[in-house]
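Inspection log for the structure reproduced underneath, given as structure tokens.
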Amino acid sequence: MEYMLMIYSDSSAFAALTPSQREEGLAAYGAYHQALQKSGVLRNSNRLRPAQAATTVRLKSGKTEVLNGPYAETREQLGGYFLIDVPDLDAAISWAARCPGAAHGVVEVRPTWPMGEA
């Protein structure tokens with residue numbers, strides 16, 4: 001079953017790190033990515049640009065509204081994701097607990113829902 005591991009963290013905390021702390025953090029994500037690949041469960045992953053680079057689109061009274069920046073005003077923003085294919089929720093939770101993001105933010109574990117499936 002596919003699960004999306006979504007990493008939420010305070011981007012200002014990352015910006016406040018020293019260059020060596022940033023390198024260490026990125027190396028931890030690199031090692032985690034390699035572990036997912038080696039185990040054969042990784043389907044896809046990406047970092048996201050900061051929330052300030054977001055564009056929010058919605059329909060209001062049938063008209064498209066485009067807003068610069070994120071829709072939600074919160075300290076923790078979605079910063080990246082890992083799409084994994086594992087046997088069950090327990091396995092997904094185990095991988096989420098190993099994610100470096102769990103130590104400095106939260107990792108939301110959500111099963112995917114294939115299009116066309118009721």
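Following the order of the structure tokens, first chain is A, next is B, and so on, with residues numbered from 1 inside each chain and ligands from 1 in the order they appear.
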
| message | List as number ranges by chain the protein and nucleic acid residues near range 21-26 of chain A, meaning an atom at most 12 Å away when only C-alpha atoms are counted, but skip any in the same chain fewer than 5 places from it. | response | A: 11, 13-16, 31-33, 47, 99-101, 103-104

Could you dump the residues just selected with N, CA, C and O atoms as a PDB file, in the first residue's frame?
```
ATOM      1  N   SER A  11      10.273  26.524   8.759  1.00  0.00           N
ATOM      2  CA  SER A  11      11.371  26.831   7.837  1.00  0.00           C
ATOM      3  C   SER A  11      12.328  27.883   8.396  1.00  0.00           C
ATOM      4  O   SER A  11      13.495  27.919   8.020  1.00  0.00           O
ATOM      5  N   ALA A  13      13.498  27.916  11.336  1.00  0.00           N
ATOM      6  CA  ALA A  13      14.475  27.205  12.162  1.00  0.00           C
ATOM      7  C   ALA A  13      15.623  26.701  11.288  1.00  0.00           C
ATOM      8  O   ALA A  13      16.790  26.778  11.679  1.00  0.00           O
ATOM      9  N   PHE A  14      15.315  26.199  10.080  1.00  0.00           N
ATOM     10  CA  PHE A  14      16.358  25.735   9.166  1.00  0.00           C
ATOM     11  C   PHE A  14      17.225  26.913   8.726  1.00  0.00           C
ATOM     12  O   PHE A  14      18.450  26.805   8.662  1.00  0.00           O
ATOM     13  N   ALA A  15      16.590  28.039   8.457  1.00  0.00           N
ATOM     14  CA  ALA A  15      17.326  29.227   8.016  1.00  0.00           C
ATOM     15  C   ALA A  15      18.278  29.731   9.104  1.00  0.00           C
ATOM     16  O   ALA A  15      19.301  30.346   8.796  1.00  0.00           O
ATOM     17  N   ALA A  16      17.945  29.471  10.368  1.00  0.00           N
ATOM     18  CA  ALA A  16      18.762  29.944  11.481  1.00  0.00           C
ATOM     19  C   ALA A  16      19.962  29.034  11.778  1.00  0.00           C
ATOM     20  O   ALA A  16      20.826  29.408  12.568  1.00  0.00           O
ATOM     21  N   ALA A  31      20.898  10.212   3.770  1.00  0.00           N
ATOM     22  CA  ALA A  31      21.036   8.847   4.282  1.00  0.00           C
ATOM     23  C   ALA A  31      19.669   8.171   4.388  1.00  0.00           C
ATOM     24  O   ALA A  31      19.529   6.987   4.060  1.00  0.00           O
ATOM     25  N   TYR A  32      18.676   8.909   4.833  1.00  0.00           N
ATOM     26  CA  TYR A  32      17.311   8.376   4.939  1.00  0.00           C
ATOM     27  C   TYR A  32      16.791   8.006   3.546  1.00  0.00           C
ATOM     28  O   TYR A  32      16.230   6.927   3.342  1.00  0.00           O
ATOM     29  N   HIS A  33      17.008   8.887   2.580  1.00  0.00           N
ATOM     30  CA  HIS A  33      16.592   8.644   1.194  1.00  0.00           C
ATOM     31  C   HIS A  33      17.248   7.366   0.668  1.00  0.00           C
ATOM     32  O   HIS A  33      16.587   6.522   0.036  1.00  0.00           O
ATOM     33  N   ARG A  47      11.922  17.761  -2.147  1.00  0.00           N
ATOM     34  CA  ARG A  47      11.844  18.897  -1.235  1.00  0.00           C
ATOM     35  C   ARG A  47      10.933  19.918  -1.902  1.00  0.00           C
ATOM     36  O   ARG A  47      10.771  19.909  -3.125  1.00  0.00           O
ATOM     37  N   CYS A  99      12.470   9.152   9.814  1.00  0.00           N
ATOM     38  CA  CYS A  99      12.676  10.356   9.014  1.00  0.00           C
ATOM     39  C   CYS A  99      13.286  11.464   9.875  1.00  0.00           C
ATOM     40  O   CYS A  99      12.800  11.728  10.983  1.00  0.00           O
ATOM     41  N   PRO A 100      14.333  12.136   9.396  1.00  0.00           N
ATOM     42  CA  PRO A 100      14.914  13.237  10.165  1.00  0.00           C
ATOM     43  C   PRO A 100      13.893  14.317  10.531  1.00  0.00           C
ATOM     44  O   PRO A 100      14.014  14.964  11.566  1.00  0.00           O
ATOM     45  N   GLY A 101      12.864  14.501   9.688  1.00  0.00           N
ATOM     46  CA  GLY A 101      11.846  15.509   9.965  1.00  0.00           C
ATOM     47  C   GLY A 101      11.075  15.265  11.239  1.00  0.00           C
ATOM     48  O   GLY A 101      10.545  16.198  11.853  1.00  0.00           O
ATOM     49  N   ALA A 103      12.288  14.565  14.024  1.00  0.00           N
ATOM     50  CA  ALA A 103      13.053  15.117  15.144  1.00  0.00           C
ATOM     51  C   ALA A 103      12.942  16.632  15.257  1.00  0.00           C
ATOM     52  O   ALA A 103      13.195  17.197  16.320  1.00  0.00           O
ATOM     53  N   HIS A 104      12.557  17.320  14.170  1.00  0.00           N
ATOM     54  CA  HIS A 104      12.498  18.789  14.229  1.00  0.00           C
ATOM     55  C   HIS A 104      11.151  19.344  13.766  1.00  0.00           C
ATOM     56  O   HIS A 104      10.995  20.550  13.642  1.00  0.00           O
TER      57      HIS A 104
END
```

| query | Which of chain A counts as strand (DSSP E or B) under DSSP, as a ChimeraX atom specification please? | reply | /A:2-10,42-47,55-60,63-68,76-85,105-111

| query | Which of chain A counts as helix (DSSP H, G or I) under DSSP, as a ChimeraX atom specification please? | reply | /A:11-15,19-39,51-53,89-98,101-104

| request: May I have the residues within 12 Å of Leu5 in chain A as an MDAnalysis selection string, using only C-alpha atoms and disregarding those fewer than 4 positions away in the same chain? | output: chainID A and resid 36 42:47 78:86 89 91:102 106:112

Store the residues picked out above in a file with N, CA and C atoms, as a JSON list (two decimals), in the first residue's frame.
```
[["chain", "number", "residue", "atom", "x", "y", "z"],
["A", 36, "LEU", "N", 15.64, 4.26, 2.19],
["A", 36, "LEU", "CA", 14.36, 3.97, 1.55],
["A", 36, "LEU", "C", 14.58, 3.30, 0.19],
["A", 42, "LEU", "N", 10.80, 3.09, -1.66],
["A", 42, "LEU", "CA", 10.66, 4.47, -2.15],
["A", 42, "LEU", "C", 10.05, 4.50, -3.55],
["A", 43, "ARG", "N", 9.00, 5.32, -3.70],
["A", 43, "ARG", "CA", 8.37, 5.52, -5.01],
["A", 43, "ARG", "C", 8.72, 6.89, -5.57],
["A", 44, "ASN", "N", 8.83, 7.90, -4.70],
["A", 44, "ASN", "CA", 9.14, 9.26, -5.14],
["A", 44, "ASN", "C", 9.42, 10.11, -3.91],
["A", 45, "SER", "N", 10.14, 11.20, -4.09],
["A", 45, "SER", "CA", 10.35, 12.15, -3.00],
["A", 45, "SER", "C", 10.85, 13.46, -3.60],
["A", 46, "ASN", "N", 10.58, 14.54, -2.90],
["A", 46, "ASN", "CA", 11.06, 15.86, -3.30],
["A", 46, "ASN", "C", 11.02, 16.80, -2.11],
["A", 47, "ARG", "N", 11.92, 17.76, -2.15],
["A", 47, "ARG", "CA", 11.84, 18.90, -1.24],
["A", 47, "ARG", "C", 10.93, 19.92, -1.90],
["A", 78, "LEU", "N", 4.56, 22.59, 4.97],
["A", 78, "LEU", "CA", 4.94, 21.38, 4.27],
["A", 78, "LEU", "C", 6.25, 21.65, 3.53],
["A", 79, "GLY", "N", 7.28, 20.88, 3.86],
["A", 79, "GLY", "CA", 8.58, 21.14, 3.29],
["A", 79, "GLY", "C", 9.06, 20.08, 2.31],
["A", 80, "GLY", "N", 8.37, 18.93, 2.31],
["A", 80, "GLY", "CA", 8.77, 17.86, 1.41],
["A", 80, "GLY", "C", 7.98, 16.61, 1.69],
["A", 81, "TYR", "N", 8.24, 15.58, 0.90],
["A", 81, "TYR", "CA", 7.48, 14.35, 1.07],
["A", 81, "TYR", "C", 8.29, 13.15, 0.56],
["A", 82, "PHE", "N", 7.90, 12.01, 1.04],
["A", 82, "PHE", "CA", 8.38, 10.72, 0.55],
["A", 82, "PHE", "C", 7.15, 9.88, 0.27],
["A", 83, "LEU", "N", 7.04, 9.35, -0.92],
["A", 83, "LEU", "CA", 5.97, 8.43, -1.28],
["A", 83, "LEU", "C", 6.56, 7.03, -1.20],
["A", 84, "ILE", "N", 6.00, 6.21, -0.30],
["A", 84, "ILE", "CA", 6.55, 4.87, -0.09],
["A", 84, "ILE", "C", 5.47, 3.82, -0.33],
["A", 85, "ASP", "N", 5.90, 2.62, -0.63],
["A", 85, "ASP", "CA", 4.99, 1.49, -0.83],
["A", 85, "ASP", "C", 5.41, 0.40, 0.15],
["A", 86, "VAL", "N", 4.61, 0.21, 1.18],
["A", 86, "VAL", "CA", 4.91, -0.74, 2.25],
["A", 86, "VAL", "C", 3.68, -1.60, 2.53],
["A", 89, "LEU", "N", 0.17, 0.11, 7.61],
["A", 89, "LEU", "CA", 0.37, 1.36, 8.34],
["A", 89, "LEU", "C", 1.52, 1.25, 9.34],
["A", 91, "ALA", "N", 4.26, -0.41, 9.10],
["A", 91, "ALA", "CA", 5.53, -0.23, 8.38],
["A", 91, "ALA", "C", 5.73, 1.23, 7.99],
["A", 92, "ALA", "N", 4.66, 1.91, 7.57],
["A", 92, "ALA", "CA", 4.75, 3.33, 7.21],
["A", 92, "ALA", "C", 5.13, 4.17, 8.43],
["A", 93, "ILE", "N", 4.54, 3.87, 9.57],
["A", 93, "ILE", "CA", 4.87, 4.60, 10.81],
["A", 93, "ILE", "C", 6.32, 4.36, 11.19],
["A", 94, "SER", "N", 6.79, 3.14, 11.02],
["A", 94, "SER", "CA", 8.19, 2.83, 11.33],
["A", 94, "SER", "C", 9.14, 3.67, 10.48],
["A", 95, "TRP", "N", 8.84, 3.79, 9.17],
["A", 95, "TRP", "CA", 9.66, 4.62, 8.29],
["A", 95, "TRP", "C", 9.54, 6.10, 8.67],
["A", 96, "ALA", "N", 8.34, 6.55, 9.01],
["A", 96, "ALA", "CA", 8.14, 7.96, 9.40],
["A", 96, "ALA", "C", 8.95, 8.30, 10.64],
["A", 97, "ALA", "N", 9.02, 7.37, 11.58],
["A", 97, "ALA", "CA", 9.79, 7.61, 12.81],
["A", 97, "ALA", "C", 11.28, 7.73, 12.52],
["A", 98, "ARG", "N", 11.75, 7.10, 11.46],
["A", 98, "ARG", "CA", 13.17, 7.19, 11.08],
["A", 98, "ARG", "C", 13.49, 8.45, 10.30],
["A", 99, "CYS", "N", 12.47, 9.15, 9.81],
["A", 99, "CYS", "CA", 12.68, 10.36, 9.01],
["A", 99, "CYS", "C", 13.29, 11.46, 9.87],
["A", 100, "PRO", "N", 14.33, 12.14, 9.40],
["A", 100, "PRO", "CA", 14.91, 13.24, 10.17],
["A", 100, "PRO", "C", 13.89, 14.32, 10.53],
["A", 101, "GLY", "N", 12.86, 14.50, 9.69],
["A", 101, "GLY", "CA", 11.85, 15.51, 9.96],
["A", 101, "GLY", "C", 11.08, 15.27, 11.24],
["A", 102, "ALA", "N", 11.00, 14.02, 11.69],
["A", 102, "ALA", "CA", 10.28, 13.70, 12.93],
["A", 102, "ALA", "C", 10.99, 14.29, 14.14],
["A", 106, "VAL", "N", 7.04, 17.53, 12.33],
["A", 106, "VAL", "CA", 6.17, 16.36, 12.35],
["A", 106, "VAL", "C", 6.16, 15.71, 10.97],
["A", 107, "VAL", "N", 5.91, 14.41, 10.96],
["A", 107, "VAL", "CA", 5.77, 13.68, 9.71],
["A", 107, "VAL", "C", 4.36, 13.10, 9.70],
["A", 108, "GLU", "N", 3.54, 13.60, 8.80],
["A", 108, "GLU", "CA", 2.18, 13.09, 8.66],
["A", 108, "GLU", "C", 2.22, 11.88, 7.73],
["A", 109, "VAL", "N", 1.59, 10.80, 8.17],
["A", 109, "VAL", "CA", 1.52, 9.56, 7.38],
["A", 109, "VAL", "C", 0.10, 9.43, 6.87],
["A", 110, "ARG", "N", -0.04, 9.42, 5.54],
["A", 110, "ARG", "CA", -1.38, 9.33, 4.97],
["A", 110, "ARG", "C", -1.40, 8.34, 3.82],
["A", 111, "PRO", "N", -2.36, 7.38, 3.86],
["A", 111, "PRO", "CA", -2.46, 6.45, 2.74],
["A", 111, "PRO", "C", -2.96, 7.18, 1.49],
["A", 112, "THR", "N", -2.46, 6.74, 0.34],
["A", 112, "THR", "CA", -2.94, 7.33, -0.90],
["A", 112, "THR", "C", -4.27, 6.68, -1.26]]
```

| Could you name the residues that touch range 50-54 of chain A at 9 Å or less, counting only C-alpha atoms, but leaving out those on the same chain fewer than 2 positions away, as an MDAnalysis selection string? | chainID A and resid 11 48 56 67:71 77:79

Could you save the residues just selected, with C-alpha atoms, as a short mmCIF file (atom, residue, chain, number, x, y, z; two decimals), in the first residue's frame?
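As a result, result.cif now contains:
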```cif
data_model
loop_
_atom_site.label_atom_id
_atom_site.label_comp_id
_atom_site.auth_asym_id
_atom_site.auth_seq_id
_atom_site.Cartn_x
_atom_site.Cartn_y
_atom_site.Cartn_z
CA SER A 11 11.37 26.83 7.84
CA LEU A 48 9.57 21.88 -1.67
CA THR A 56 -2.53 29.51 -4.07
CA LEU A 67 -2.90 34.50 -4.31
CA ASN A 68 0.84 34.84 -3.77
CA GLY A 69 2.18 32.77 -0.93
CA PRO A 70 0.72 29.96 1.12
CA TYR A 71 -2.94 29.78 2.01
CA GLN A 77 4.84 24.39 6.57
CA LEU A 78 4.94 21.38 4.27
CA GLY A 79 8.58 21.14 3.29
#
```

| task | Record the distance separating CA of Val41 in chain A and CA of Ile7 in chain A, expressed in Å with one decimal. | result |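 Spanning CA of Val41 in chain A to CA of Ile7 in chain A is a straight-line distance of 17.4 Å.
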
| Any idea what's packed within 9 Å of Arg75 in chain A, counting only C-alpha atoms, ignoring anything in its chain fewer than 4 positions away? Could you give it as a ChimeraX atom specification? | /A:9-12

Same residues, all heavy atoms, saved as a PDB file, in the first residue's frame:
```pdb
ATOM      1  N   SER A   9       7.608  21.409   9.040  1.00  0.00           N
ATOM      2  CA  SER A   9       8.558  21.996   9.971  1.00  0.00           C
ATOM      3  C   SER A   9       8.537  23.511   9.852  1.00  0.00           C
ATOM      4  O   SER A   9       7.955  24.062   8.926  1.00  0.00           O
ATOM      5  CB  SER A   9       9.968  21.457   9.728  1.00  0.00           C
ATOM      6  OG  SER A   9      10.401  21.801   8.441  1.00  0.00           O
ATOM      7  N   ASP A  10       9.196  24.140  10.794  1.00  0.00           N
ATOM      8  CA  ASP A  10       9.319  25.598  10.808  1.00  0.00           C
ATOM      9  C   ASP A  10      10.524  25.965   9.943  1.00  0.00           C
ATOM     10  O   ASP A  10      11.666  25.723  10.332  1.00  0.00           O
ATOM     11  CB  ASP A  10       9.498  26.075  12.248  1.00  0.00           C
ATOM     12  CG  ASP A  10       9.601  27.581  12.379  1.00  0.00           C
ATOM     13  OD1 ASP A  10       9.720  28.288  11.349  1.00  0.00           O
ATOM     14  OD2 ASP A  10       9.554  28.069  13.524  1.00  0.00           O
ATOM     15  N   SER A  11      10.273  26.524   8.759  1.00  0.00           N
ATOM     16  CA  SER A  11      11.371  26.831   7.837  1.00  0.00           C
ATOM     17  C   SER A  11      12.328  27.883   8.396  1.00  0.00           C
ATOM     18  O   SER A  11      13.495  27.919   8.020  1.00  0.00           O
ATOM     19  CB  SER A  11      10.830  27.279   6.483  1.00  0.00           C
ATOM     20  OG  SER A  11      10.051  28.439   6.618  1.00  0.00           O
ATOM     21  N   SER A  12      11.854  28.721   9.298  1.00  0.00           N
ATOM     22  CA  SER A  12      12.753  29.733   9.871  1.00  0.00           C
ATOM     23  C   SER A  12      13.808  29.070  10.761  1.00  0.00           C
ATOM     24  O   SER A  12      14.908  29.594  10.910  1.00  0.00           O
ATOM     25  CB  SER A  12      11.972  30.789  10.649  1.00  0.00           C
ATOM     26  OG  SER A  12      11.344  30.226  11.786  1.00  0.00           O
TER      27      SER A  12
END
```

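Relative to CA of Lys38 in chain A, CA of Leu17 in chain A is found at 29.4 Å.
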